[in-house]
Structure formats: structure tokens, C-alpha cells
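Shown next: target_36.txt, containing compact mmCIF, C-alpha atoms.
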# COMPACT_ATOMS: atom_id res chain seq x y z
CA MET A 1 -31.32 -42.98 61.40
CA ALA A 2 -34.83 -44.29 61.36
CA GLN A 3 -35.97 -41.23 59.48
CA ALA A 4 -33.35 -41.82 56.76
CA GLN A 5 -34.43 -45.47 56.39
CA ALA A 6 -38.04 -44.40 56.13
CA LEU A 7 -37.19 -41.88 53.40
CA ALA A 8 -35.13 -44.47 51.47
CA GLY A 9 -37.96 -47.02 51.64
CA GLU A 10 -40.56 -44.67 50.19
CA ASN A 11 -41.33 -44.70 46.46
CA TYR A 12 -41.51 -41.39 44.61
CA GLU A 13 -42.13 -40.25 41.07
CA PHE A 14 -40.74 -37.39 38.87
CA LYS A 15 -42.66 -34.19 38.94
CA ALA A 16 -42.45 -33.74 35.14
CA ALA A 17 -42.67 -36.66 32.72
CA PRO A 18 -39.77 -37.03 30.25
CA GLU A 19 -40.38 -35.79 26.71
CA VAL A 20 -38.47 -35.19 23.45
CA VAL A 21 -36.82 -31.78 23.13
CA LYS A 22 -38.56 -29.89 20.33
CA PRO A 23 -36.54 -27.70 17.96
CA LYS A 24 -37.12 -23.99 18.13
CA PRO A 25 -39.10 -22.82 15.04
CA LYS A 26 -37.64 -20.13 12.80
CA TYR A 27 -40.95 -18.32 12.25
CA ARG A 28 -43.95 -17.71 14.41
CA GLN A 29 -46.25 -20.75 14.57
CA GLN A 30 -49.73 -20.44 13.09
CA PRO A 31 -52.69 -21.39 15.27
CA LEU A 32 -53.99 -24.92 14.59
CA GLN A 33 -57.67 -25.58 13.83
CA SER A 34 -58.16 -29.12 15.14
CA SER A 35 -56.63 -31.69 17.44
CA GLU A 36 -55.59 -33.78 14.41
CA ASP A 37 -53.50 -30.86 13.11
CA GLN A 38 -51.92 -30.49 16.55
CA LYS A 39 -51.01 -34.19 16.56
CA ASN A 40 -49.46 -33.99 13.08
CA SER A 41 -47.55 -30.81 13.92
CA SER A 42 -46.03 -32.40 17.04
CA LEU A 43 -44.90 -35.38 14.97
CA LEU A 44 -43.39 -33.19 12.27
CA GLY A 45 -41.58 -31.03 14.83
CA CYS A 46 -40.01 -33.97 16.61
CA ASN A 47 -38.89 -36.03 13.57
CA ILE A 48 -35.96 -34.57 11.59
CA MET A 49 -36.93 -36.58 8.50
CA TYR A 50 -40.00 -34.36 8.04
CA ASP A 51 -38.08 -31.09 8.37
CA LYS A 52 -38.07 -29.14 5.07
CA ARG A 53 -34.76 -27.45 5.91
CA VAL A 54 -32.88 -30.78 5.92
CA VAL A 55 -31.43 -31.81 2.53
CA ARG A 56 -31.23 -35.52 1.91
CA GLY A 57 -28.59 -37.01 -0.35
CA ASN A 58 -25.24 -35.59 -1.54
CA THR A 59 -24.55 -32.21 0.08
CA TYR A 60 -22.24 -31.15 -2.79
CA ALA A 61 -24.78 -31.78 -5.59
CA SER A 62 -27.15 -29.11 -6.87
CA VAL A 63 -30.43 -29.07 -4.92
CA GLN A 64 -33.63 -29.06 -6.96
CA THR A 65 -36.49 -27.34 -5.18
CA LEU A 66 -40.19 -27.69 -5.85
CA GLY A 67 -40.12 -24.55 -8.01
CA ASP A 68 -37.39 -26.04 -10.21
CA LYS A 69 -39.43 -29.22 -10.73
CA LYS A 70 -42.49 -27.19 -11.73
CA LEU A 71 -40.41 -25.12 -14.11
CA MET A 72 -38.95 -28.26 -15.70
CA THR A 73 -42.44 -29.72 -16.07
CA LEU A 74 -43.73 -26.57 -17.75
CA LYS A 75 -40.76 -26.50 -20.13
CA SER A 76 -41.24 -30.15 -21.11
CA PHE A 77 -44.93 -29.56 -22.04
CA LYS A 78 -44.43 -26.45 -24.16
CA LYS A 79 -46.16 -26.29 -27.48
CA PRO A 80 -44.08 -26.78 -30.63
CA GLN A 81 -45.29 -23.42 -32.03
CA GLN A 82 -43.37 -21.57 -29.35
CA LYS A 83 -40.02 -22.74 -30.75
CA ALA A 84 -40.57 -20.87 -33.99
CA THR A 85 -41.26 -17.60 -32.17
CA GLN A 86 -38.06 -17.75 -30.18
CA GLN A 87 -35.41 -15.31 -31.30
CA PRO A 88 -32.05 -16.74 -32.28
CA GLN A 89 -29.58 -16.31 -29.46
CA THR A 90 -26.33 -14.59 -30.23
CA THR A 91 -23.34 -16.73 -29.36
CA TYR A 92 -20.19 -14.99 -28.28
CA LEU A 93 -16.98 -16.81 -29.02
CA HIS A 94 -14.45 -16.07 -26.34
CA PRO A 95 -10.80 -16.27 -27.34
CA SER A 96 -9.28 -19.54 -26.26
CA THR A 97 -5.91 -20.06 -24.68
CA PRO A 98 -3.10 -19.98 -27.27
CA ARG A 99 -1.19 -23.14 -27.94
CA PRO A 100 1.98 -23.61 -25.92
CA PHE A 101 5.41 -23.12 -27.40
CA GLN A 102 7.81 -25.94 -28.06
CA ASN A 103 8.84 -27.90 -24.96
CA ARG A 104 6.16 -26.13 -22.87
CA VAL A 105 2.82 -27.19 -21.42
CA ASN A 106 -0.24 -25.15 -20.41
CA ILE A 107 -1.47 -25.66 -16.84
CA ASP A 108 -4.77 -24.75 -15.18
CA ILE A 109 -4.63 -21.89 -12.70
CA GLN A 110 -7.27 -20.23 -10.56
CA THR A 111 -8.36 -16.73 -11.53
CA ASP A 112 -11.16 -16.37 -8.97
CA GLU A 113 -11.28 -13.60 -6.39
CA TYR A 114 -10.63 -16.04 -3.52
CA LEU A 115 -8.13 -18.89 -3.54
CA GLU A 116 -9.72 -22.34 -3.38
CA ILE A 117 -7.85 -25.55 -2.65
CA LEU A 118 -8.87 -28.21 -5.17
CA ARG A 119 -9.18 -31.73 -3.76
CA ASP A 120 -10.42 -35.01 -5.18
CA LYS A 121 -12.37 -35.70 -2.00
CA PRO A 122 -14.28 -33.01 -0.11
CA PRO A 123 -13.04 -32.30 3.45
CA GLU A 124 -14.80 -34.14 6.22
CA GLN A 125 -14.83 -33.37 9.92
CA GLU A 126 -16.56 -34.97 12.88
CA MET A 127 -18.19 -32.75 15.49
CA ASP A 128 -19.79 -33.60 18.82
CA ALA A 129 -22.39 -31.74 20.88
CA GLN A 130 -22.94 -32.15 24.59
CA THR A 131 -26.37 -31.43 26.02
CA ASP A 132 -27.03 -30.32 29.56
CA TYR A 133 -27.73 -33.10 32.01
CA TYR A 134 -30.75 -32.30 34.13
CA ILE A 135 -31.92 -34.38 37.06
CA ASP A 136 -35.38 -33.71 38.37
CA LYS A 137 -35.49 -32.98 42.04
CA PRO A 138 -37.90 -35.22 43.99
CA PRO A 139 -40.94 -33.41 45.36
CA ASP A 140 -40.84 -32.10 48.90
CA ARG A 141 -42.57 -34.18 51.48
CA LEU A 142 -45.85 -32.77 52.62
CA PHE A 143 -45.68 -34.39 56.08
CA VAL A 144 -42.65 -35.09 58.27
CA PRO A 145 -43.41 -37.47 61.12
CA LYS A 146 -42.20 -36.70 64.61
CA LYS A 147 -38.95 -38.35 65.65
CA ASN A 148 -39.33 -41.21 68.16
CA GLY A 149 -36.78 -43.40 69.93
CA ILE A 150 -33.76 -42.80 72.18
CA ASP A 151 -30.60 -40.97 71.02
CA LYS A 152 -27.34 -42.64 72.00
CA GLU A 153 -23.65 -41.65 71.68
CA THR A 154 -20.23 -43.32 71.90
CA GLN A 155 -17.00 -41.84 73.30
CA ILE A 156 -13.96 -42.28 70.95
CA TRP A 157 -10.57 -41.44 72.49
CA GLU A 158 -7.38 -40.40 70.68
CA GLY A 159 -5.77 -43.37 68.96
CA ASP A 160 -8.85 -45.60 68.90
CA LEU A 161 -9.60 -45.17 65.17
CA PHE A 162 -6.28 -43.93 63.64
CA ASP A 163 -2.59 -44.62 64.45
CA PHE A 164 -0.42 -42.08 62.65
CA ASP A 165 2.86 -44.00 62.82
CA GLN A 166 1.29 -47.20 61.54
CA GLU A 167 -0.76 -45.52 58.80
CA VAL A 168 1.96 -43.15 57.50
CA GLU A 169 4.67 -45.83 57.12
CA PRO A 170 3.37 -47.35 53.81
CA ILE A 171 2.79 -43.86 52.43
CA LEU A 172 6.36 -42.84 53.24
CA GLN A 173 7.69 -46.08 51.73
CA VAL A 174 5.79 -45.40 48.49
CA LEU A 175 7.01 -41.79 48.38
CA MET A 176 10.65 -42.78 49.04
CA ASN A 177 10.56 -45.54 46.43
CA LYS A 178 8.97 -43.18 43.91
CA ILE A 179 11.57 -40.44 44.56
CA LEU A 180 14.45 -42.90 44.25
CA GLU A 181 13.03 -44.35 41.07
CA GLN A 182 12.46 -40.88 39.59
CA SER A 183 16.00 -39.73 40.49
CA ARG A 184 17.45 -42.92 39.01
CA MET A 185 15.51 -42.31 35.78
CA GLU A 186 16.71 -38.70 35.64
CA VAL A 187 20.35 -39.78 36.11
CA LEU A 188 19.97 -42.36 33.35
CA GLU A 189 18.36 -39.76 31.08
CA GLU A 190 21.22 -37.33 31.73
CA GLU A 191 23.77 -40.03 30.89
CA GLU A 192 21.83 -40.90 27.75
CA ILE A 193 21.68 -37.23 26.70
CA LYS A 194 25.41 -36.86 27.36
CA LEU A 195 26.14 -39.94 25.24
CA MET A 196 23.86 -38.65 22.45
CA LYS A 197 25.66 -35.27 22.45
CA GLU A 198 29.02 -37.02 22.23
CA GLN A 199 27.79 -39.13 19.32
CA GLN A 200 26.41 -36.03 17.64
CA LYS A 201 29.76 -34.22 18.01
CA GLN A 202 31.57 -37.26 16.58
CA HIS A 203 29.10 -37.31 13.67
CA GLU A 204 29.67 -33.57 13.07
CA ARG A 205 33.47 -34.09 13.05
CA GLN A 206 33.12 -36.98 10.61
CA LYS A 207 30.77 -34.92 8.45
CA THR A 208 33.22 -31.98 8.49
CA SER A 209 36.13 -34.20 7.47
CA VAL A 210 34.10 -35.74 4.64
CA LEU A 211 33.02 -32.26 3.48
CA SER A 212 36.61 -30.97 3.50
CA GLU A 213 37.79 -34.02 1.55
CA MET A 214 35.00 -33.51 -0.96
CA GLN A 215 35.93 -29.84 -1.36
CA ARG A 216 39.58 -30.83 -1.89
CA LEU A 217 38.64 -33.35 -4.55
CA GLU A 218 36.37 -30.77 -6.23
CA ALA A 219 39.24 -28.24 -6.27
CA VAL A 220 41.58 -30.85 -7.81
CA GLN A 221 39.00 -31.74 -10.46
CA GLN A 222 38.41 -28.03 -11.18
CA ARG A 223 42.16 -27.45 -11.65
CA LEU A 224 42.35 -30.44 -13.98
CA ASP A 225 39.40 -29.15 -16.01
CA GLN A 226 41.00 -25.70 -16.27
CA GLU A 227 44.30 -27.22 -17.39
CA ASP A 228 42.51 -29.35 -20.00
CA ALA A 229 40.63 -26.29 -21.32
CA ARG A 230 43.86 -24.26 -21.45
CA ARG A 231 45.65 -27.02 -23.37
CA LYS A 232 42.75 -27.29 -25.84
CA LEU A 233 42.75 -23.51 -26.38
CA GLN A 234 46.54 -23.53 -26.89
CA TYR A 235 46.32 -26.34 -29.45
CA GLU A 236 43.49 -24.59 -31.33
CA THR A 237 45.52 -21.35 -31.42
CA PHE A 238 48.57 -23.25 -32.76
CA LEU A 239 46.44 -24.82 -35.53
CA LYS A 240 44.97 -21.43 -36.44
CA ILE A 241 48.42 -19.77 -36.68
CA GLN A 242 49.77 -22.67 -38.75
CA LYS A 243 46.81 -22.42 -41.11
CA GLN A 244 47.28 -18.65 -41.53
CA SER A 245 51.02 -19.12 -42.25
CA HIS A 246 50.27 -21.74 -44.89
CA GLN A 247 47.72 -19.44 -46.54
CA LYS A 248 50.21 -16.54 -46.61
CA ILE A 249 52.90 -18.72 -48.24
CA VAL A 250 50.47 -20.00 -50.87
CA CYS A 251 49.23 -16.45 -51.64
CA ARG A 252 52.77 -15.09 -51.90
CA ASN A 253 53.85 -17.85 -54.36
CA LEU A 254 50.70 -17.34 -56.42
CA SER A 255 51.19 -13.55 -56.59
CA LYS A 256 54.83 -13.97 -57.66
CA SER A 257 53.89 -16.37 -60.44
CA LEU A 258 51.13 -14.01 -61.72
CA ILE A 259 52.61 -10.51 -61.24
CA ASN A 260 56.21 -11.13 -62.41
CA PRO A 261 55.42 -11.26 -66.21
CA LEU A 262 53.11 -8.19 -65.90
CA LYS A 263 55.57 -5.94 -64.15
CA GLN A 264 57.10 -4.27 -67.24
CA ASN A 265 53.76 -3.59 -68.91
CA ILE A 266 52.26 -2.04 -65.77
CA ILE A 267 55.18 0.39 -65.28
CA LYS A 268 54.89 1.55 -68.85
CA LYS A 269 51.17 2.14 -68.57
CA LEU A 270 51.64 4.09 -65.35
CA GLN A 271 54.19 6.34 -67.00
CA ASP A 272 51.80 7.00 -69.86
CA LEU A 273 49.09 7.93 -67.37
CA GLY A 274 51.41 10.37 -65.58
CA VAL A 275 51.68 8.57 -62.30
CA PHE A 276 55.43 9.15 -62.02
CA ARG A 277 55.20 12.98 -62.39
CA ASP A 278 56.83 15.40 -59.96
CA PRO A 279 54.56 15.54 -56.85
CA LEU A 280 55.46 19.20 -56.18
CA GLU A 281 54.25 20.26 -59.60
CA THR A 282 51.08 18.21 -59.23
CA ALA A 283 50.34 19.67 -55.82
CA LEU A 284 51.00 23.24 -57.04
CA LEU A 285 48.71 22.98 -60.06
CA TYR A 286 45.86 20.91 -58.65
CA GLU A 287 45.83 21.82 -54.95
CA TYR A 288 47.58 25.07 -54.01
CA ILE A 289 46.41 27.46 -56.76
CA PRO A 290 42.71 26.48 -56.49
CA TRP A 291 42.97 26.79 -52.70
CA VAL A 292 44.40 30.35 -53.01
CA TYR A 293 41.62 31.40 -55.38
CA ASP A 294 38.95 30.09 -53.08
CA ASN A 295 40.43 31.81 -49.99
CA VAL A 296 40.74 35.21 -51.73
CA LEU A 297 37.17 35.04 -52.96
CA SER A 298 35.80 34.04 -49.59
CA GLN A 299 37.80 36.80 -47.87
CA LEU A 300 36.39 39.45 -50.28
CA VAL A 301 32.88 38.20 -49.66
CA ASP A 302 33.47 38.21 -45.88
CA GLU A 303 34.79 41.82 -45.98
CA ASN A 304 31.71 42.98 -47.89
CA ASP A 305 29.45 41.22 -45.43
CA ASN A 306 31.37 42.67 -42.49
CA TYR A 307 31.02 46.21 -43.85
CA THR A 308 27.29 45.75 -44.34
CA ASN A 309 26.89 44.26 -40.89
CA PHE A 310 28.89 47.10 -39.32
CA ASN A 311 26.68 49.75 -41.00
CA ASN A 312 23.55 47.94 -39.87
CA MET A 313 24.91 47.72 -36.33
CA LEU A 314 25.71 51.47 -36.25
CA ASN A 315 22.24 52.29 -37.53
CA ASN A 316 20.65 50.11 -34.91
CA ILE A 317 22.75 51.67 -32.13
CA GLU A 318 21.86 55.19 -33.28
CA GLU A 319 18.19 54.35 -33.44
CA ASN A 320 18.27 52.78 -29.98
CA ILE A 321 20.10 55.79 -28.50
CA THR A 322 17.55 58.16 -30.08
CA ILE A 323 14.64 56.19 -28.67
CA GLU A 324 16.22 56.02 -25.21
CA HIS A 325 16.95 59.78 -25.28
CA SER A 326 13.35 60.64 -26.26
CA ASN A 327 12.04 58.35 -23.55
CA SER A 328 14.37 59.97 -21.01
CA LEU A 329 13.17 63.45 -22.03
CA LYS A 330 9.57 62.35 -21.68
CA ARG A 331 10.22 60.89 -18.25
CA ARG A 332 12.03 64.07 -17.18
CA GLN A 333 9.18 66.29 -18.42
CA GLN A 334 6.69 64.07 -16.62
CA HIS A 335 8.73 64.30 -13.43
CA ILE A 336 8.88 68.13 -13.70
CA ASP A 337 5.12 68.29 -14.28
CA ASP A 338 4.52 66.08 -11.28
CA LYS A 339 6.74 68.31 -9.15
CA TYR A 340 4.87 71.46 -10.25
CA GLU A 341 1.57 69.77 -9.60
CA GLU A 342 2.74 68.71 -6.13
CA ILE A 343 3.88 72.29 -5.30
CA ALA A 344 0.54 73.75 -6.50
CA ARG A 345 -1.38 71.18 -4.50
CA LYS A 346 0.57 71.94 -1.32
CA LYS A 347 0.03 75.68 -1.92
CA ARG A 348 -3.70 75.18 -2.33
CA GLU A 349 -3.82 73.04 0.81
CA LYS A 350 -1.93 75.73 2.75
CA ILE A 351 -4.32 78.49 1.57
CA GLU A 352 -7.34 76.35 2.39
CA LYS A 353 -5.94 75.55 5.83
CA LYS A 354 -5.27 79.23 6.48
CA ARG A 355 -8.81 80.17 5.38
CA MET A 356 -10.35 77.55 7.62
CA GLU A 357 -8.23 78.75 10.53
CA GLU A 358 -9.41 82.34 9.93
CA GLU A 359 -13.02 81.23 9.78
CA ARG A 360 -12.62 79.27 13.00
CA ARG A 361 -11.04 82.28 14.74
CA LEU A 362 -13.85 84.61 13.53
CA LYS A 363 -16.44 82.11 14.69
CA GLU A 364 -14.85 81.98 18.15
CA ILE A 365 -14.86 85.82 18.34
CA GLU A 366 -18.52 85.92 17.30
CA ASP A 367 -19.43 83.26 19.83
CA GLN A 368 -17.60 85.18 22.56
CA ARG A 369 -19.39 88.42 21.60
CA LEU A 370 -22.75 86.74 21.65
CA ALA A 371 -21.99 85.22 25.03
CA GLU A 372 -21.04 88.62 26.44
CA GLU A 373 -24.22 90.21 25.06
CA GLU A 374 -26.27 87.37 26.54
CA ALA A 375 -24.58 87.90 29.89
CA VAL A 376 -25.25 91.67 29.79
CA ARG A 377 -28.88 91.07 28.79
CA GLN A 378 -29.34 88.61 31.66
CA ALA A 379 -27.81 91.07 34.09
CA GLU A 380 -30.14 93.84 32.91
CA GLN A 381 -33.10 91.50 33.15
CA GLU A 382 -32.15 90.52 36.69
CA LYS A 383 -31.75 94.18 37.56
CA LEU A 384 -35.23 95.01 36.19
CA ASP A 385 -36.72 92.10 38.06
CA GLN A 386 -35.08 93.27 41.26
CA GLN A 387 -36.45 96.77 40.78
CA GLN A 388 -39.96 95.44 40.16
CA GLU A 389 -39.80 93.34 43.31
CA ASN A 390 -38.63 96.34 45.34
CA GLN A 391 -41.49 98.45 43.98
CA GLN A 392 -44.01 95.73 44.80
CA GLN A 393 -42.63 95.45 48.33
CA GLN A 394 -42.91 99.22 48.76
CA LEU A 395 -46.47 99.18 47.50
CA GLN A 396 -47.41 96.38 49.83
CA SER A 397 -45.85 98.07 52.80
Can you give me the file's structure in the form of C-alpha cells?
Amino acid sequence: MAQAQALAGENYEFKAAPEVVKPKPKYRQQPLQSSEDQKNSSLLGCNIMYDKRVVRGNTYASVQTLGDKKLMTLKSFKKPQQKATQQPQTTYLHPSTPRPFQNRVNIDIQTDEYLEILRDKPPEQEMDAQTDYYIDKPPDRLFVPKKNGIDKETQIWEGDLFDFDQEVEPILQVLMNKILEQSRMEVLEEEEIKLMKEQQKQHERQKTSVLSEMQRLEAVQQRLDQEDARRKLQYETFLKIQKQSHQKIVCRNLSKSLINPLKQNIIKKLQDLGVFRDPLETALLYEYIPWVYDNVLSQLVDENDNYTNFNNMLNNIEENITIEHSNSLKRRQQHIDDKYEEIARKKREKIEKKRMEEERRLKEIEDQRLAEEEAVRQAEQEKLDQQQENQQQQLQS
């Protein structure tokens, strides 16, 4: 206890002094030449207003860099002689949008590769960043003094500090009240939901009845409209028929008044023209006799053509049969020649095989004879060698 009070009473300082967090540079830092440069660089690194990467002003406006300002300055101080040397630029006129038709209006649409939502005000959004919270640990004590004093203790029996029955009673009361209140709220919610469902069903029934009544009224109005249209069509048809009947009566009366005095003159003229002749005689002279002449002539021409065609067909058949017969004879002669050639070839092969067999047999006989002669010669040689050995043995003995 005394040690804790002693530690609490002591004053201590942080090991590292607090400082501003410097931003991490994008490129490698160049070595500084003097202490003044170091001081300025620390100020520029800590203050965001001196950072070249930060754009001040409207973020949606075009940013003019130092190179753009120099370029504008150079353009403003150009000599007037340079304008004359500039070549005239060719202007390309792109076809504009055609004018809209009557009762139509052109609208602007996006034709870019990606869809962009056009707004009057650019979107804004707030963002937060949370930095890590570091607490410096106090330095370790170099010297811990030795504990002095007398340690004491106190005996605490069961029930001295905590009585379960007394302490748990308010907790149980709170729990019971909370459970009862929650159950009461749930029962009320169930009753409310039941009442809302009943009201919804009643609303659905009322809506269904209104819809059915509306459909009935629409059907009645539709039937009335159909009946009105049918009556109009019937009246228009009656007017049309009446008009046609009136026109027929007027035409008939007019024709009677005009044709009646001309009837006698017309009949006389028709008789003079030969209209009232016998139709049989007219048909015989102007239709039947010319038809007979034409048929006889066409039949004679057809018979001549048929005779010529028949002769040509016979000639063609004869020529085809002659060609086929000559081709058949040639194929037959070729087949016979092939057969004779095959027989001669087989005969030659048989003679050659027989000759080779005879040569092989003679060669075997010659080989056998030579082998026998070699065997006899070896036997005679062995016999001579044996005799020479015997003579040598005799001479030695």
C-alpha cells in the first residue's frame, strides 16, 4: 500500500516528446545542404498548404499548371510576323442533327462509351478517418526501495459482506416487472395486428364490391355503345338503299323518255347492218369453215414433222447401236488379249520355276558330291598320317 502511494506521488515525464506526424514522401528525399534548408523542408512537409499535390479552389474546374501559364505567356508575346506564316487551318463541317418532324422534339442523349448521370450539382460525400491512439508507457523505475512496515490481514466470514436473499430481491422484482410488461406489450401488439388484419380484409371486400360494380357499369355502358353504333349503322344503310332506289327510278324514267322515240330508227339500222341474220349461217361462214381449214393445215404440218422426227430418231438409234456394238467388240477383243497374255505369263512363270528347281537340285547334287570327295580326301590324308606316324615309331624303336 505504501509502495503504491509512493509511486502515485512521484512525477514522471514521457520518454518521447509529442510531434506532428509527417506525411510519407512519394519520391526519395534529396540530401539537404544546410540547416536552413532542413528547417524549411520540415515546415513544408508538415503544412498541407505548401504541398504541391494539393489543388486549391474548385475541384471540377480545369487546373492550370505552371507549364500552361508559361505557354500562355509565350503565346501572348508572339511577334505579329508569325501570324502571316501560319497555314490556314482546314475546317471540317460535321453534319448537324436534322430538324424534327411535326409534333416531335429532339432530345439530348449520351453517346459515350460509359453511361454518366448528369446532375446540376456534383455529388458530395463526407468521410471520416480514425487514427491510432497511442499512449506512451512511463519509463521503468531504476530503483525499487525495500518494503518496510508490518503486513496485517482481516478475517471475513460468509455473510459479512453479501446477503444473497436481500441483494437478489430487487433484481428479481425488476426482472418480473420487465417480463410482465413485455408480455403485456406482446399481447397488445397481437390484438392490434389481429384488428389490422380484420380491417384489411374488410377493405379488400369493399374494394372487391366496388370493382365488381364498376365492371358491371362498364359492361352496361359498353352494351349501350354497341347498340347505339348498331342503330347508326342501320340508319345509314337505310339511307343508302333509299338513295340508290331513288337514283334507279330517276334513271329508268329518263331512259324511257329518251329511248322511246329512237326505237324504230334503231331497229331499222340494225337490220340494215345485218344484226338480225340467222346465227347458224353466221357461225358456219365466219367460225366453222375457217376453223376446219386451220385444223387440216396444222394436221398436215404435224404429220410431216412427225415423219421427219421419226426418221431422225431411227437414224440416231442405228448410229447408237453401231457405236455400242463396235465398243463391245473392242472390249471383247481386249478381254481375249488379256486372257492370252495371262496364260502366256503363267506358262513363262511355270517354266522359270521348273528351271530354277532343276538348278537347285543340280546344285544340291554337286554339293553332295564335293562333300563326299572332301570326306574321302580327309580319310586318305588321315590314313597317310597314320602310316607316317607308325613308320616314325618303328624307326625310333
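Between CA of Asn315 (chain A) and CA of Val301 (chain A) there is a distance of 21.4 Å.
Atom pair CA of Tyr307 (chain A) / CA of Ile289 (chain A): separated by 27.5 Å.
We find CA of Ile193 (chain A) and CA of Lys178 (chain A) to be spaced 22.2 Å apart.
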With 6 Å on each side, where is the centre of the axis-aligned box around all listed atoms of region 171-177 of chain A, and how long are its edges in Å to one decimal, as lines of an AutoDock Vina configuration file?
center_x = 6.7
center_y = -43.9
center_z = 49.8
size_x = 19.9
size_y = 16.3
size_z = 18.8
